[in-house]
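**Student:** Sharing structure34.cif here; it has mmCIF, C-alpha atoms.
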```cif
data_data
#
loop_
_atom_site.group_PDB
_atom_site.id
_atom_site.type_symbol
_atom_site.label_atom_id
_atom_site.label_comp_id
_atom_site.auth_asym_id
_atom_site.auth_seq_id
_atom_site.Cartn_x
_atom_site.Cartn_y
_atom_site.Cartn_z
ATOM 1 C CA MET A 1 116.017 87.241 83.963
ATOM 2 C CA LYS A 2 117.686 88.588 87.103
ATOM 3 C CA PRO A 3 115.968 90.776 89.682
ATOM 4 C CA GLU A 4 117.445 94.187 90.293
ATOM 5 C CA ASN A 5 120.484 94.156 92.594
ATOM 6 C CA LEU A 6 120.862 90.358 92.545
ATOM 7 C CA ASP A 7 123.947 88.978 90.850
ATOM 8 C CA LYS A 8 122.602 85.481 90.050
ATOM 9 C CA PRO A 9 119.422 84.071 88.504
ATOM 10 C CA VAL A 10 116.726 82.870 90.907
ATOM 11 C CA ILE A 11 115.143 79.411 91.020
ATOM 12 C CA LEU A 12 112.113 79.137 93.308
ATOM 13 C CA PHE A 13 110.885 75.679 94.326
ATOM 14 C CA LYS A 14 107.360 74.971 95.548
ATOM 15 C CA TYR A 15 107.918 71.900 97.733
ATOM 16 C CA GLY A 16 105.141 69.632 98.980
ATOM 17 C CA GLY A 17 103.350 66.319 98.518
ATOM 18 C CA ASN A 18 104.782 62.908 99.335
ATOM 19 C CA ALA A 19 108.332 64.204 98.906
ATOM 20 C CA MET A 20 107.884 65.903 102.293
ATOM 21 C CA ILE A 21 106.706 62.868 104.246
ATOM 22 C CA ASN A 22 109.475 60.321 103.649
ATOM 23 C CA GLU A 23 112.574 61.448 105.572
ATOM 24 C CA ASP A 24 115.119 59.855 103.233
ATOM 25 C CA LEU A 25 113.392 61.263 100.161
ATOM 26 C CA LYS A 26 113.160 64.681 101.846
ATOM 27 C CA LYS A 27 116.936 64.778 102.348
ATOM 28 C CA ARG A 28 117.609 63.736 98.745
ATOM 29 C CA VAL A 29 115.232 66.408 97.426
ATOM 30 C CA LEU A 30 116.788 69.137 99.572
ATOM 31 C CA ARG A 31 120.338 68.058 98.708
ATOM 32 C CA ASN A 32 119.576 68.279 94.991
ATOM 33 C CA ILE A 33 117.829 71.638 95.364
ATOM 34 C CA CYS A 34 120.738 73.077 97.338
ATOM 35 C CA SER A 35 123.309 71.686 94.893
ATOM 36 C CA LEU A 36 121.932 74.141 92.309
ATOM 37 C CA LYS A 37 123.220 76.903 94.553
ATOM 38 C CA ASP A 38 126.728 75.569 93.902
ATOM 39 C CA LYS A 39 126.022 75.923 90.163
ATOM 40 C CA GLY A 40 125.471 79.668 90.433
ATOM 41 C CA TYR A 41 121.806 80.120 91.290
ATOM 42 C CA HIS A 42 119.972 81.871 94.100
ATOM 43 C CA ILE A 43 117.592 79.306 95.632
ATOM 44 C CA ILE A 44 114.256 79.912 97.383
ATOM 45 C CA ILE A 45 112.001 77.190 98.800
ATOM 46 C CA VAL A 46 108.278 77.677 99.505
ATOM 47 C CA HIS A 47 106.387 74.895 101.269
ATOM 48 C CA GLY A 48 102.990 73.916 102.599
ATOM 49 C CA GLY A 49 102.361 70.865 104.757
ATOM 50 C CA GLY A 50 98.823 69.465 104.546
ATOM 51 C CA PRO A 51 99.563 66.115 106.244
ATOM 52 C CA PHE A 52 101.318 67.875 109.138
ATOM 53 C CA ILE A 53 98.413 70.301 109.559
ATOM 54 C CA GLN A 54 95.993 67.380 109.627
ATOM 55 C CA GLU A 55 98.125 65.624 112.250
ATOM 56 C CA ALA A 56 98.171 68.749 114.446
ATOM 57 C CA LEU A 57 94.419 69.326 114.151
ATOM 58 C CA THR A 58 93.662 65.681 114.909
ATOM 59 C CA ALA A 59 95.868 65.852 118.022
ATOM 60 C CA ALA A 60 93.985 68.987 119.112
ATOM 61 C CA GLN A 61 90.652 67.254 118.408
ATOM 62 C CA ILE A 62 89.682 69.898 115.858
ATOM 63 C CA GLU A 63 87.627 68.535 112.991
ATOM 64 C CA SER A 64 88.714 69.428 109.460
ATOM 65 C CA GLU A 65 86.173 70.586 106.924
ATOM 66 C CA PHE A 66 87.043 71.050 103.258
ATOM 67 C CA ILE A 67 85.036 73.317 100.963
ATOM 68 C CA ASP A 68 85.901 73.059 97.262
ATOM 69 C CA GLY A 69 89.386 71.856 98.190
ATOM 70 C CA HIS A 70 90.015 74.621 100.747
ATOM 71 C CA ARG A 71 90.458 73.740 104.417
ATOM 72 C CA LYS A 72 88.015 75.825 106.458
ATOM 73 C CA THR A 73 90.182 77.382 109.170
ATOM 74 C CA THR A 74 88.713 78.766 112.380
ATOM 75 C CA ARG A 75 90.779 81.086 114.585
ATOM 76 C CA GLU A 76 91.390 78.156 116.942
ATOM 77 C CA ALA A 77 92.464 75.931 114.056
ATOM 78 C CA PHE A 78 94.755 78.642 112.653
ATOM 79 C CA GLU A 79 96.886 78.565 115.818
ATOM 80 C CA HIS A 80 97.574 74.874 115.216
ATOM 81 C CA VAL A 81 98.103 75.402 111.469
ATOM 82 C CA GLU A 82 100.720 78.056 112.269
ATOM 83 C CA MET A 83 102.463 75.823 114.818
ATOM 84 C CA ALA A 84 102.565 72.915 112.355
ATOM 85 C CA LEU A 85 103.836 74.918 109.374
ATOM 86 C CA LYS A 86 106.196 77.383 111.054
ATOM 87 C CA GLY A 87 107.243 75.421 114.109
ATOM 88 C CA LYS A 88 107.470 71.878 112.813
ATOM 89 C CA VAL A 89 107.742 71.726 109.019
ATOM 90 C CA ASN A 90 109.691 74.936 108.420
ATOM 91 C CA GLY A 91 112.054 74.325 111.331
ATOM 92 C CA ASN A 92 112.746 70.782 110.139
ATOM 93 C CA LEU A 93 113.580 71.868 106.565
ATOM 94 C CA VAL A 94 115.871 74.645 107.806
ATOM 95 C CA ASN A 95 117.644 72.220 110.140
ATOM 96 C CA ILE A 96 118.267 69.665 107.354
ATOM 97 C CA ILE A 97 119.617 72.300 104.950
ATOM 98 C CA ASN A 98 121.903 73.819 107.585
ATOM 99 C CA ALA A 99 123.231 70.357 108.458
ATOM 100 C CA MET A 100 124.235 69.998 104.796
ATOM 101 C CA GLY A 101 126.484 73.041 105.152
ATOM 102 C CA TYR A 102 124.233 75.674 103.595
ATOM 103 C CA LYS A 103 122.683 78.679 105.350
ATOM 104 C CA ALA A 104 118.891 78.451 105.460
ATOM 105 C CA VAL A 105 116.562 80.978 107.092
ATOM 106 C CA GLY A 106 112.977 80.030 107.984
ATOM 107 C CA LEU A 107 110.283 82.615 107.254
ATOM 108 C CA SER A 108 106.576 83.059 106.773
ATOM 109 C CA GLY A 109 104.848 85.824 104.856
ATOM 110 C CA LYS A 110 104.474 87.667 108.174
ATOM 111 C CA ASP A 111 108.233 88.239 108.500
ATOM 112 C CA GLY A 112 109.398 91.634 107.287
ATOM 113 C CA GLN A 113 105.874 92.221 105.906
ATOM 114 C CA LEU A 114 106.975 89.968 103.080
ATOM 115 C CA VAL A 115 103.437 89.061 102.041
ATOM 116 C CA GLN A 116 100.259 90.943 102.868
ATOM 117 C CA ALA A 117 97.173 88.762 102.812
ATOM 118 C CA LYS A 118 93.505 89.474 102.332
ATOM 119 C CA LYS A 119 90.642 87.231 103.389
ATOM 120 C CA ARG A 120 89.518 84.872 100.629
ATOM 121 C CA GLN A 121 85.999 85.683 99.453
ATOM 122 C CA HIS A 122 84.773 82.259 98.422
ATOM 123 C CA GLN A 123 81.604 81.446 96.528
ATOM 124 C CA GLN A 124 79.911 78.104 96.078
ATOM 125 C CA LYS A 125 76.997 77.000 93.907
ATOM 126 C CA GLN A 126 74.049 75.948 96.059
ATOM 127 C CA ASN A 127 70.618 75.143 94.601
ATOM 128 C CA GLY A 128 71.626 76.774 91.330
ATOM 129 C CA LYS A 129 72.770 80.019 92.950
ATOM 130 C CA MET A 130 76.235 81.328 93.848
ATOM 131 C CA VAL A 131 76.404 82.024 97.583
ATOM 132 C CA ASP A 132 79.177 83.401 99.794
ATOM 133 C CA VAL A 133 80.908 80.814 101.999
ATOM 134 C CA ASP A 134 83.090 81.853 104.936
ATOM 135 C CA LEU A 135 86.337 79.839 104.974
ATOM 136 C CA GLY A 136 87.578 81.532 108.150
ATOM 137 C CA GLN A 137 91.296 82.325 108.280
ATOM 138 C CA VAL A 138 91.951 81.389 104.643
ATOM 139 C CA GLY A 139 93.528 84.140 102.587
ATOM 140 C CA ASN A 140 94.838 85.197 99.211
ATOM 141 C CA VAL A 141 98.064 87.037 98.454
ATOM 142 C CA ASP A 142 97.366 90.768 98.240
ATOM 143 C CA LEU A 143 100.886 92.265 98.065
ATOM 144 C CA VAL A 144 104.458 90.929 97.982
ATOM 145 C CA ASN A 145 107.402 92.965 99.285
ATOM 146 C CA PRO A 146 110.543 91.055 98.205
ATOM 147 C CA LYS A 147 113.030 93.322 100.039
ATOM 148 C CA LEU A 148 113.802 90.840 102.845
ATOM 149 C CA ILE A 149 114.203 87.897 100.441
ATOM 150 C CA LYS A 150 116.576 89.902 98.232
ATOM 151 C CA LEU A 151 118.599 90.912 101.285
ATOM 152 C CA LEU A 152 118.945 87.270 102.351
ATOM 153 C CA LEU A 153 119.837 86.071 98.851
ATOM 154 C CA ALA A 154 122.461 88.801 98.451
ATOM 155 C CA ASN A 155 124.070 87.551 101.662
ATOM 156 C CA ASP A 156 124.236 83.900 100.565
ATOM 157 C CA PHE A 157 121.216 82.565 102.517
ATOM 158 C CA ILE A 158 118.528 80.172 101.306
ATOM 159 C CA PRO A 159 115.093 81.542 102.318
ATOM 160 C CA VAL A 160 112.647 78.779 103.281
ATOM 161 C CA LEU A 161 109.119 80.205 103.343
ATOM 162 C CA THR A 162 105.850 78.812 104.583
ATOM 163 C CA CYS A 163 102.484 79.972 103.296
ATOM 164 C CA LEU A 164 101.202 82.097 106.185
ATOM 165 C CA ALA A 165 100.652 85.854 106.114
ATOM 166 C CA ALA A 166 98.732 88.622 107.864
ATOM 167 C CA ASP A 167 96.481 91.359 106.557
ATOM 168 C CA GLU A 168 97.040 95.071 107.202
ATOM 169 C CA ASN A 169 95.299 94.703 110.586
ATOM 170 C CA GLY A 170 97.486 91.817 111.729
ATOM 171 C CA ASN A 171 94.919 89.033 111.220
ATOM 172 C CA GLY A 172 96.688 85.802 110.282
ATOM 173 C CA TYR A 173 95.754 83.710 107.238
ATOM 174 C CA ASN A 174 96.625 80.339 105.787
ATOM 175 C CA ILE A 175 97.244 80.710 102.038
ATOM 176 C CA ASN A 176 97.310 78.000 99.388
ATOM 177 C CA ALA A 177 101.027 77.166 99.096
ATOM 178 C CA ASP A 178 100.953 76.949 95.285
ATOM 179 C CA MET A 179 99.438 80.428 94.973
ATOM 180 C CA PHE A 180 101.804 81.816 97.607
ATOM 181 C CA ALA A 181 104.813 80.430 95.709
ATOM 182 C CA GLY A 182 103.586 81.636 92.308
ATOM 183 C CA HIS A 183 103.182 85.227 93.494
ATOM 184 C CA ILE A 184 106.672 85.293 95.015
ATOM 185 C CA ALA A 185 108.288 83.693 91.952
ATOM 186 C CA GLY A 186 106.672 86.352 89.778
ATOM 187 C CA GLU A 187 107.604 89.251 92.035
ATOM 188 C CA LEU A 188 111.256 88.092 92.097
ATOM 189 C CA GLU A 189 111.293 87.563 88.312
ATOM 190 C CA ALA A 190 112.573 84.027 88.889
ATOM 191 C CA GLU A 191 114.410 82.490 85.964
ATOM 192 C CA GLN A 192 112.667 79.236 86.839
ATOM 193 C CA TYR A 193 109.654 78.491 89.019
ATOM 194 C CA ILE A 194 109.641 74.765 89.791
ATOM 195 C CA VAL A 195 106.591 73.015 91.249
ATOM 196 C CA LEU A 196 107.371 69.657 92.840
ATOM 197 C CA THR A 197 104.425 67.271 92.795
ATOM 198 C CA ASP A 198 103.825 63.501 92.920
ATOM 199 C CA VAL A 199 103.682 62.867 89.153
ATOM 200 C CA ASP A 200 106.049 63.635 86.261
ATOM 201 C CA GLY A 201 104.041 66.664 85.125
ATOM 202 C CA LEU A 202 100.773 67.505 83.395
ATOM 203 C CA ARG A 203 99.161 64.648 81.473
ATOM 204 C CA LYS A 204 96.469 64.704 78.797
ATOM 205 C CA ASP A 205 95.107 61.615 80.557
ATOM 206 C CA LYS A 206 95.849 61.803 84.278
ATOM 207 C CA ASP A 207 95.981 57.995 84.495
ATOM 208 C CA ASP A 208 98.368 57.515 81.546
ATOM 209 C CA PRO A 209 102.050 58.412 82.206
ATOM 210 C CA ALA A 210 102.714 58.209 78.445
ATOM 211 C CA SER A 211 100.399 61.199 77.869
ATOM 212 C CA LEU A 212 102.805 63.637 79.579
ATOM 213 C CA ILE A 213 102.692 67.124 78.034
ATOM 214 C CA HIS A 214 106.293 68.346 77.735
ATOM 215 C CA LYS A 215 105.691 71.990 76.828
ATOM 216 C CA ILE A 216 102.692 74.290 76.960
ATOM 217 C CA THR A 217 101.865 78.017 76.878
ATOM 218 C CA ILE A 218 99.637 79.907 79.332
ATOM 219 C CA ALA A 219 96.896 80.130 76.671
ATOM 220 C CA GLU A 220 97.075 76.391 75.992
ATOM 221 C CA SER A 221 96.932 75.623 79.721
ATOM 222 C CA LYS A 222 93.778 77.751 80.078
ATOM 223 C CA GLN A 223 92.170 75.794 77.237
ATOM 224 C CA LEU A 224 93.037 72.512 78.957
ATOM 225 C CA GLU A 225 91.386 73.867 82.124
ATOM 226 C CA ALA A 226 88.263 74.736 80.119
ATOM 227 C CA ASP A 227 88.302 71.234 78.567
ATOM 228 C CA LYS A 228 88.499 69.681 82.083
ATOM 229 C CA ILE A 229 91.795 67.961 81.211
ATOM 230 C CA ILE A 230 93.419 69.794 84.119
ATOM 231 C CA GLN A 231 91.625 68.537 87.220
ATOM 232 C CA GLY A 232 91.787 68.311 90.991
ATOM 233 C CA GLY A 233 95.089 69.102 92.679
ATOM 234 C CA MET A 234 96.724 69.991 89.359
ATOM 235 C CA ILE A 235 94.457 73.059 88.994
ATOM 236 C CA PRO A 236 96.152 75.235 91.686
ATOM 237 C CA LYS A 237 99.581 74.124 90.455
ATOM 238 C CA ILE A 238 98.867 75.240 86.891
ATOM 239 C CA GLU A 239 97.215 78.447 88.108
ATOM 240 C CA SER A 240 100.252 79.239 90.278
ATOM 241 C CA CYS A 241 102.460 78.830 87.183
ATOM 242 C CA GLN A 242 100.188 81.221 85.271
ATOM 243 C CA ILE A 243 100.470 83.780 88.101
ATOM 244 C CA ALA A 244 104.265 83.446 88.248
ATOM 245 C CA LEU A 245 104.668 83.941 84.498
ATOM 246 C CA LYS A 246 102.253 86.884 84.298
ATOM 247 C CA LYS A 247 103.991 88.641 87.183
ATOM 248 C CA GLY A 248 107.512 88.285 85.801
ATOM 249 C CA ALA A 249 108.960 84.754 86.057
ATOM 250 C CA ALA A 250 110.740 83.658 82.874
ATOM 251 C CA SER A 251 109.527 80.040 82.951
ATOM 252 C CA ALA A 252 107.607 77.568 85.094
ATOM 253 C CA ARG A 253 107.910 73.804 85.281
ATOM 254 C CA ILE A 254 106.074 70.981 87.021
ATOM 255 C CA ILE A 255 108.253 67.977 87.902
ATOM 256 C CA ASN A 256 108.096 64.878 90.098
ATOM 257 C CA GLY A 257 109.377 65.543 93.603
ATOM 258 C CA THR A 258 109.405 61.819 94.365
ATOM 259 C CA ALA A 259 112.089 61.450 91.647
ATOM 260 C CA PRO A 260 114.743 63.871 93.025
ATOM 261 C CA GLU A 261 117.070 63.296 90.053
ATOM 262 C CA GLN A 262 114.636 65.385 87.975
ATOM 263 C CA ILE A 263 115.689 68.436 90.004
ATOM 264 C CA LEU A 264 119.198 68.152 88.556
ATOM 265 C CA GLU A 265 117.791 67.939 85.014
ATOM 266 C CA ILE A 266 115.667 71.101 84.955
ATOM 267 C CA ALA A 267 117.807 72.620 82.200
ATOM 268 C CA ASP A 268 116.590 69.742 79.997
ATOM 269 C CA THR A 269 113.276 70.638 78.346
ATOM 270 C CA SER A 270 112.209 66.962 78.343
ATOM 271 C CA VAL A 271 111.857 66.930 82.139
ATOM 272 C CA GLY A 272 108.334 67.448 83.447
ATOM 273 C CA THR A 273 105.989 70.012 81.911
ATOM 274 C CA LEU A 274 107.489 73.356 80.904
ATOM 275 C CA ILE A 275 105.042 76.277 80.897
ATOM 276 C CA THR A 276 105.915 79.489 79.073
ATOM 277 C CA LYS A 277 104.199 82.762 78.206
#
```
Do you think you could lay out the structure here as structure tokens?

**Tutor:**
Amino acid sequence: MKPENLDKPVILFKYGGNAMINEDLKKRVLRNICSLKDKGYHIIIVHGGGPFIQEALTAAQIESEFIDGHRKTTREAFEHVEMALKGKVNGNLVNIINAMGYKAVGLSGKDGQLVQAKKRQHQQKQNGKMVDVDLGQVGNVDLVNPKLIKLLLANDFIPVLTCLAADENGNGYNINADMFAGHIAGELEAEQYIVLTDVDGLRKDKDDPASLIHKITIAESKQLEADKIIQGGMIPKIESCQIALKKGAASARIINGTAPEQILEIADTSVGTLITK
């Protein structure tokens, strides 16, 4: 499915995990992603950068606190989160891609009002009751305006986006990178939304590589969530795929970013876990 006024199908990659830390692996991943551009696709990359955020906060002597998997982010911490994601990680990815001969542009959700955020209203069970917990500058995606991305794609650029955005009053928020990517993939009606993680896909038994699930529907994925088969860090990845598909992406797939050859095989339904409507 092609977005209006774009002449090629879109593949959006959510890039993160260990494939971001090893420099050699990073270059192989990016080379394979960009090579799909030569095969007639528009390419978009969305990234987070947890290890780099942690490094920046440690250097600034700011203690990290996690609540239900979300990093509590004070206003002081947000400044360092923004510097790590936009200044260091995003700039590095753009530099590598440009050095390969492609044209990358680094963005966050703040640029061109691409993504409007809203503060995440988080609740936690305490003493048998659900209570509100303030996560600080942690947000959810409220609105996506894809105009700037479409303009860049139409002019042969590769947008590289990090998961920061502001609300209507200009307050900055750190957004879960999986959710950020899923919303954008859906809004752009991506032909494929590809989540790169550290395993080959979704497994029935997380410790057994042979239990890889090759294909699943949204309804089946929700049942696996209810059955607690989908756990931990796989939960936001699956939920981001559900968001992407519901909002307009044609397909979603979870593959192993530490095995860059899988990127070149995404037309093969045996690679990773394919999620469909």

**Student:** For Gly201 (chain A), which of A:Ile275, A:Leu245, A:Val10, A:Leu161 is the closest residue, counting only C-alpha atoms?

**Tutor:**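 Smallest separation from Gly201 (chain A) among the options: A:Ile275.
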
**Student:** Report as an mmCIF file with C-alpha atoms, in the frame of the given file all protein, DNA and RNA residues lying within 8 Å of Gly17 (chain A), evaluated on all atoms listed in the file, omitting residues in the same chain fewer than 5 positions from it.

**Tutor:**
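Output (selection00.cif):
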```
data_model
loop_
_atom_site.group_PDB
_atom_site.id
_atom_site.type_symbol
_atom_site.label_atom_id
_atom_site.label_comp_id
_atom_site.auth_asym_id
_atom_site.auth_seq_id
_atom_site.Cartn_x
_atom_site.Cartn_y
_atom_site.Cartn_z
ATOM 1 C CA GLY A 49 102.361 70.865 104.757
ATOM 2 C CA LEU A 196 107.371 69.657 92.840
ATOM 3 C CA THR A 197 104.425 67.271 92.795
ATOM 4 C CA ASP A 198 103.825 63.501 92.920
ATOM 5 C CA GLY A 257 109.377 65.543 93.603
#
```

**Student:** Considering only C-alpha atoms, can you say which of A:Glu23, A:Glu225, A:Glu265, A:Glu239 comes closest to Asn92 (chain A)?

**Tutor:** A:Glu23

**Student:** Do you have the CA of Ile238 (chain A)-CA of Ile175 (chain A) distance handy?

**Tutor:**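 It comes out at 16.2 Å.
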
**Student:** Could you check how far CA of Ala250 (chain A) sits from CA of Leu12 (chain A), in Å to one decimal?

**Tutor:**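 Separation of CA of Ala250 (chain A) and CA of Leu12 (chain A): 11.5 Å.
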
**Student:** Taking only C-alpha atoms into account, which of A:Ala267, A:Ala244, A:Met20, A:Cys163 comes nearest Asn176 (chain A)?

**Tutor:**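 Of the candidates, the smallest distance to Asn176 (chain A) is held by A:Cys163.
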
**Student:** Name the closest residue to Leu264 (chain A) among the candidates A:Ile44, A:Val89, A:Ile33, A:Leu6; distances are taken between atoms, counting all atoms listed in the file.

**Tutor:**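 Ranking A:Ile44, A:Val89, A:Ile33, A:Leu6 by distance to Leu264 (chain A), first place goes to A:Ile33.
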
**Student:** Between A:Val199, A:Met100, A:Ile254, A:Leu151, which one has atoms that come closest to Asp7 (chain A), using all atoms listed in the file?

**Tutor:** A:Leu151

**Student:** Which residues, named as in the file, does the PyMOL selection byres ((chain A and resi 42) around 7) pick out? Answer as a PDB file with C-alpha atoms, in the frame of the given file.

**Tutor:**
```pdb
ATOM      1  CA  LYS A   8     122.602  85.481  90.050  1.00  0.00           C
ATOM      2  CA  PRO A   9     119.422  84.071  88.504  1.00  0.00           C
ATOM      3  CA  VAL A  10     116.726  82.870  90.907  1.00  0.00           C
ATOM      4  CA  ILE A  11     115.143  79.411  91.020  1.00  0.00           C
ATOM      5  CA  LYS A  37     123.220  76.903  94.553  1.00  0.00           C
ATOM      6  CA  GLY A  40     125.471  79.668  90.433  1.00  0.00           C
ATOM      7  CA  TYR A  41     121.806  80.120  91.290  1.00  0.00           C
ATOM      8  CA  ILE A  43     117.592  79.306  95.632  1.00  0.00           C
ATOM      9  CA  ILE A  44     114.256  79.912  97.383  1.00  0.00           C
ATOM     10  CA  LEU A 153     119.837  86.071  98.851  1.00  0.00           C
TER      11      LEU A 153
END
```

**Student:** Which residues, named as in the file, does the PyMOL selection byres ((chain A and resi 48) around 8) pick out? Answer as a list in words.

**Tutor:**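 For this structure, the PyMOL selection byres ((chain A and resi 48) around 8) resolves to Tyr15, Gly16, Val46, His47, Gly49, Gly50, Leu85, Thr162, Cys163, Asn176 and Ala177 of chain A.
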
**Student:** Could you jot down the CA of Tyr102 (chain A) to CA of Leu114 (chain A) separation for me, Å, one decimal place?

**Tutor:** 22.4 Å

**Student:** For the file shown, report as a compact mmCIF listing (two decimals) with C-alpha atoms, keeping the file's coordinate frame the outcome of the PyMOL selection byres ((chain A and resi 32) around 8) at residue level.

**Tutor:**
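Output contents, as saved in out_35.txt:
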```txt
# COMPACT_ATOMS: atom_id res chain seq x y z
CA ARG A 28 117.61 63.74 98.74
CA VAL A 29 115.23 66.41 97.43
CA LEU A 30 116.79 69.14 99.57
CA ARG A 31 120.34 68.06 98.71
CA ILE A 33 117.83 71.64 95.36
CA CYS A 34 120.74 73.08 97.34
CA SER A 35 123.31 71.69 94.89
CA LEU A 36 121.93 74.14 92.31
CA PRO A 260 114.74 63.87 93.02
CA GLU A 261 117.07 63.30 90.05
CA ILE A 263 115.69 68.44 90.00
CA LEU A 264 119.20 68.15 88.56
```

**Student:** Which is closer to Leu274 (chain A) than all the others in A:Ala210, A:Ile194, A:Leu25, A:Ile243, using all atoms listed in the file?

**Tutor:**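 Comparing A:Ala210, A:Ile194, A:Leu25, A:Ile243 against Leu274 (chain A), the winner is A:Ile194.
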
**Student:** Mind checking which residues fall within 9 Å of Ile62 (chain A), counting all atoms listed in the file, ignoring those fewer than 3 positions away in the same chain, and posting them as a list in words?

**Tutor:**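 Here the answer would be Ala56, Leu57, Thr58, Ala59, Glu76 and Ala77 of chain A.
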
**Student:** Padding 5 Å on each side, edges along x, y and z: where is the centre of the box around the listed atoms of region 100-118 of chain A, and how long are its edges in Å to one decimal? Output it as JSON.

**Tutor:**
```
{"center_x": 110.0, "center_y": 81.1, "center_z": 105.3, "size_x": 43.0, "size_y": 32.2, "size_z": 16.5}
```
